[in-house]
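A.B. asks: First the structure, which I've put down as structure tokens, then a few questions once you've had a look.
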Amino acid sequence: MKEILTQSAFFGAALSLVCYEIGLFVRKKTKSALANPLLVAVLLVIAVLLVFSIDFEIYAQGASHISFLLTPATVSLAVPLYRQLGLLKKYPRAIIGGIASGVLAAMVSIFVLSLFFGLNHEQYVTLLPKSITTAIGMGISEKMDGIVTITVVAICITGIFGSMIADGVCRLFKIEEPVAVGLAIGTSAHAMGTTKAMELGEIQGAMSSLSIVAAGILTVAGVSLFANFI
């Protein structure tokens, strides 16, 4: 049975989708922020590979098919943004300023922590694009001679953690304005955070979608500057 499954070109993709569906089921039943569907899926995939002694290369070969959907999935986030285009025209300075401050905070924190832990240039530029969507972050990391695979891991961890704590952080600091909530989540936790923002409301989701695109553009420009610091 193991050989039949692993020989399929879509084994990795099928395993990923099944594990993610299980994650969605667990989230629906528990309603816990810790039961993030992506986190559950990652843990289940790792467990299956370890239990059945399946090489990661075999899994990755099939799972790579999912990556083709990454870019169109990111682009599709423009739909809720279009519906709330009036908000962008109404608060342009506040929105751009909020996104810019979020991007700056992300890169400054990486710079400070890299100095603290003594990271070299390669490790430093690998982590700089951690707060933007994978489709853009991978390109930045590759262009800056970073370690792309670690960049992907950092982006995933940032998104998962951000989506888990987003609602609680907003309540803690009494951030209730839908536009502010959406901008904060999208700028810090990219596409994964946007799924959480969409659960909170259409305006939050639209602003979070806008943040993904704007934060990606600003990060491209910012990384070229910050990369020279270490």
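Going through the structure tokens in order, the chains are called A, B, and so on, while each chain numbers its residues from 1 and the ligands are numbered from 1 in the order shown.
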Would you give me, as a Markdown table, each residue of segment 10-70 of chain A having an atom within 12 Å of an atom of segment 135-151 of chain A, along with its shortest atom pair and that distance in Å to one decimal, using only C-alpha atoms and sorting by chain and residue number?
C.D. replies:
| residue | atom | partner | partner_atom | distance |
| --- | --- | --- | --- | --- |
| A:Ser67 | CA | A:Ala135 | CA | 9.1 |
| A:Phe68 | CA | A:Ala135 | CA | 10.1 |
| A:Leu69 | CA | A:Ala135 | CA | 10.2 |
| A:Leu70 | CA | A:Ala135 | CA | 6.7 |
A.B. asks: So which residues touch His121 of chain A within 8 Å, counting only C-alpha atoms, skipping near sequence neighbours fewer than 4 positions away, as a ChimeraX atom specification?
C.D. replies: /A:125,227,230
A.B. asks: Using N, CA and C atoms, can you export the residues from the last selection as a short mmCIF file (atom, residue, chain, number, x, y, z; two decimals), in the first residue's frame?
C.D. replies:
data_model
loop_
_atom_site.label_atom_id
_atom_site.label_comp_id
_atom_site.auth_asym_id
_atom_site.auth_seq_id
_atom_site.Cartn_x
_atom_site.Cartn_y
_atom_site.Cartn_z
N VAL A 125 19.34 38.22 5.73
CA VAL A 125 18.48 38.53 4.58
C VAL A 125 17.44 37.43 4.37
N ALA A 227 19.30 45.31 3.77
CA ALA A 227 20.24 44.22 3.51
C ALA A 227 21.69 44.69 3.66
N ILE A 230 23.92 44.58 7.63
CA ILE A 230 24.70 43.48 8.21
C ILE A 230 25.46 42.77 7.10
#
A.B. asks: Neighbouring residues of Ser114 of chain A were defined as those with any atom within 12 Å, considering only C-alpha atoms; residues of the same chain fewer than 3 positions away were excluded. Please report them as a list of chain:residue names.
C.D. replies: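 Near neighbours after the sequence-gap exclusion: A:Met107, A:Val108, A:Ser109, A:Ile110, A:Phe111, A:Phe117, A:Gly118, A:Leu119, A:Asn120, A:His121, A:Glu122, A:Gln123, A:Tyr124, A:Val125, A:Thr126, A:Leu127, A:Leu128, A:Phe226, A:Ala227, A:Phe229, A:Ile230.
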A.B. asks: May I have the residues from that selection written out with N, CA and C atoms, as a PDB file, in the first residue's frame?
C.D. replies:
ATOM      1  N   MET A 107      11.070  44.860   9.801  1.00  0.00           N
ATOM      2  CA  MET A 107      12.467  44.814   9.370  1.00  0.00           C
ATOM      3  C   MET A 107      13.425  45.291  10.464  1.00  0.00           C
ATOM      4  N   VAL A 108      13.010  46.297  11.223  1.00  0.00           N
ATOM      5  CA  VAL A 108      13.851  46.766  12.326  1.00  0.00           C
ATOM      6  C   VAL A 108      13.999  45.675  13.384  1.00  0.00           C
ATOM      7  N   SER A 109      12.909  44.960  13.680  1.00  0.00           N
ATOM      8  CA  SER A 109      12.979  43.891  14.682  1.00  0.00           C
ATOM      9  C   SER A 109      13.910  42.772  14.234  1.00  0.00           C
ATOM     10  N   ILE A 110      13.873  42.435  12.937  1.00  0.00           N
ATOM     11  CA  ILE A 110      14.779  41.411  12.415  1.00  0.00           C
ATOM     12  C   ILE A 110      16.222  41.891  12.498  1.00  0.00           C
ATOM     13  N   PHE A 111      16.455  43.152  12.181  1.00  0.00           N
ATOM     14  CA  PHE A 111      17.799  43.723  12.245  1.00  0.00           C
ATOM     15  C   PHE A 111      18.347  43.664  13.677  1.00  0.00           C
ATOM     16  N   PHE A 117      21.663  37.980  18.154  1.00  0.00           N
ATOM     17  CA  PHE A 117      22.021  36.564  18.059  1.00  0.00           C
ATOM     18  C   PHE A 117      23.238  36.324  17.163  1.00  0.00           C
ATOM     19  N   GLY A 118      23.840  37.366  16.638  1.00  0.00           N
ATOM     20  CA  GLY A 118      25.052  37.219  15.847  1.00  0.00           C
ATOM     21  C   GLY A 118      24.857  36.506  14.519  1.00  0.00           C
ATOM     22  N   LEU A 119      23.734  36.758  13.845  1.00  0.00           N
ATOM     23  CA  LEU A 119      23.486  36.113  12.556  1.00  0.00           C
ATOM     24  C   LEU A 119      24.371  36.725  11.473  1.00  0.00           C
ATOM     25  N   ASN A 120      24.750  35.894  10.507  1.00  0.00           N
ATOM     26  CA  ASN A 120      25.540  36.414   9.395  1.00  0.00           C
ATOM     27  C   ASN A 120      24.619  37.034   8.341  1.00  0.00           C
ATOM     28  N   HIS A 121      25.213  37.564   7.278  1.00  0.00           N
ATOM     29  CA  HIS A 121      24.433  38.278   6.258  1.00  0.00           C
ATOM     30  C   HIS A 121      23.408  37.360   5.591  1.00  0.00           C
ATOM     31  N   GLU A 122      23.812  36.140   5.262  1.00  0.00           N
ATOM     32  CA  GLU A 122      22.904  35.212   4.591  1.00  0.00           C
ATOM     33  C   GLU A 122      21.691  34.905   5.457  1.00  0.00           C
ATOM     34  N   GLN A 123      21.922  34.643   6.741  1.00  0.00           N
ATOM     35  CA  GLN A 123      20.823  34.344   7.652  1.00  0.00           C
ATOM     36  C   GLN A 123      19.924  35.565   7.858  1.00  0.00           C
ATOM     37  N   TYR A 124      20.542  36.715   7.902  1.00  0.00           N
ATOM     38  CA  TYR A 124      19.819  37.969   8.119  1.00  0.00           C
ATOM     39  C   TYR A 124      18.856  38.267   6.965  1.00  0.00           C
ATOM     40  N   VAL A 125      19.343  38.221   5.726  1.00  0.00           N
ATOM     41  CA  VAL A 125      18.480  38.528   4.580  1.00  0.00           C
ATOM     42  C   VAL A 125      17.442  37.433   4.367  1.00  0.00           C
ATOM     43  N   THR A 126      17.720  36.232   4.872  1.00  0.00           N
ATOM     44  CA  THR A 126      16.749  35.145   4.786  1.00  0.00           C
ATOM     45  C   THR A 126      15.497  35.473   5.588  1.00  0.00           C
ATOM     46  N   LEU A 127      15.671  36.127   6.720  1.00  0.00           N
ATOM     47  CA  LEU A 127      14.551  36.412   7.620  1.00  0.00           C
ATOM     48  C   LEU A 127      13.868  37.743   7.351  1.00  0.00           C
ATOM     49  N   LEU A 128      14.497  38.640   6.620  1.00  0.00           N
ATOM     50  CA  LEU A 128      13.923  39.966   6.390  1.00  0.00           C
ATOM     51  C   LEU A 128      12.505  39.926   5.794  1.00  0.00           C
ATOM     52  N   PHE A 226      17.849  47.656   3.928  1.00  0.00           N
ATOM     53  CA  PHE A 226      18.217  46.990   5.178  1.00  0.00           C
ATOM     54  C   PHE A 226      19.253  45.887   4.966  1.00  0.00           C
ATOM     55  N   ALA A 227      19.303  45.309   3.774  1.00  0.00           N
ATOM     56  CA  ALA A 227      20.245  44.221   3.508  1.00  0.00           C
ATOM     57  C   ALA A 227      21.693  44.688   3.661  1.00  0.00           C
ATOM     58  N   PHE A 229      22.847  46.567   6.053  1.00  0.00           N
ATOM     59  CA  PHE A 229      23.162  46.886   7.428  1.00  0.00           C
ATOM     60  C   PHE A 229      24.006  45.806   8.122  1.00  0.00           C
ATOM     61  N   ILE A 230      23.923  44.575   7.632  1.00  0.00           N
ATOM     62  CA  ILE A 230      24.699  43.476   8.214  1.00  0.00           C
ATOM     63  C   ILE A 230      25.457  42.769   7.103  1.00  0.00           C
TER      64      ILE A 230
END
A.B. asks: Would you mind listing what lies within 10 Å of Gly102 of chain A as an mmCIF file with C-alpha atoms, in the first residue's frame, with only C-alpha atoms counted and same-chain residues fewer than 4 positions away left out?
C.D. replies:
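What landed in out-v1.cif:
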data_model
loop_
_atom_site.group_PDB
_atom_site.id
_atom_site.type_symbol
_atom_site.label_atom_id
_atom_site.label_comp_id
_atom_site.auth_asym_id
_atom_site.auth_seq_id
_atom_site.Cartn_x
_atom_site.Cartn_y
_atom_site.Cartn_z
ATOM 1 C CA ILE A 96 -0.462 53.794 3.706
ATOM 2 C CA GLY A 97 1.040 55.111 6.952
ATOM 3 C CA GLY A 98 -0.180 52.111 8.916
ATOM 4 C CA ALA A 106 9.119 44.045 11.000
ATOM 5 C CA MET A 107 12.467 44.814 9.370
ATOM 6 C CA VAL A 108 13.851 46.766 12.326
ATOM 7 C CA SER A 131 6.098 39.158 7.260
ATOM 8 C CA LEU A 183 -4.263 46.627 8.347
ATOM 9 C CA ALA A 184 -2.540 45.311 11.469
ATOM 10 C CA ILE A 185 -3.309 41.681 10.713
ATOM 11 C CA GLY A 186 -2.471 41.823 6.998
ATOM 12 C CA THR A 187 0.784 43.707 7.484
ATOM 13 C CA SER A 188 2.059 41.373 10.186
ATOM 14 C CA SER A 211 -1.901 45.172 3.261
ATOM 15 C CA ALA A 215 3.475 45.469 2.382
#
A.B. asks: Of the candidates A:Ser163, A:Ser224, A:Thr133, A:Ser101, which shows the shortest atom-to-atom distance to Val75 of chain A, using only C-alpha atoms?
C.D. replies: A:Thr133
A.B. asks: Choose the residue, out of A:Val112, A:Ile132, A:Ala78, A:Leu15, that has the smallest atom-to-atom separation from Ile217 of chain A; count only C-alpha atoms.
C.D. replies: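 Going through A:Val112, A:Ile132, A:Ala78, A:Leu15 one by one, the smallest distance to Ile217 of chain A is for A:Ile132.
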A.B. asks: Select from segment 5-229 of chain A everything DSSP, run on the backbone, classes as helix (DSSP H, G or I), then give the selection as an MDAnalysis selection string.
C.D. replies: chainID A and resid 5:6 11:30 37:51 56:67 70:75 78:83 85:90 92:117 121:127 134:143 148:172 178:200 202:226
A.B. asks: Which of these, A:Lys196, A:His65, A:Arg83, A:Lys130, has the shortest distance to Ala13 of chain A once you count only C-alpha atoms?
C.D. replies: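 Using only C-alpha atoms, the shortest distance to Ala13 of chain A belongs to A:His65.
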A.B. asks: Please list as a list in words every residue within 12 Å of Ile46 of chain A, counting only C-alpha atoms and excluding residues in the same chain fewer than 5 positions away.
C.D. replies: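 Near Ile46 of chain A, the qualifying residues are Gly12, Leu15, Ser16, Cys19, Leu39, Val40, Ala41, Val51, Phe52, Ser53, Ile54, Asp55, Phe56, Tyr59 and Ala60 of chain A.
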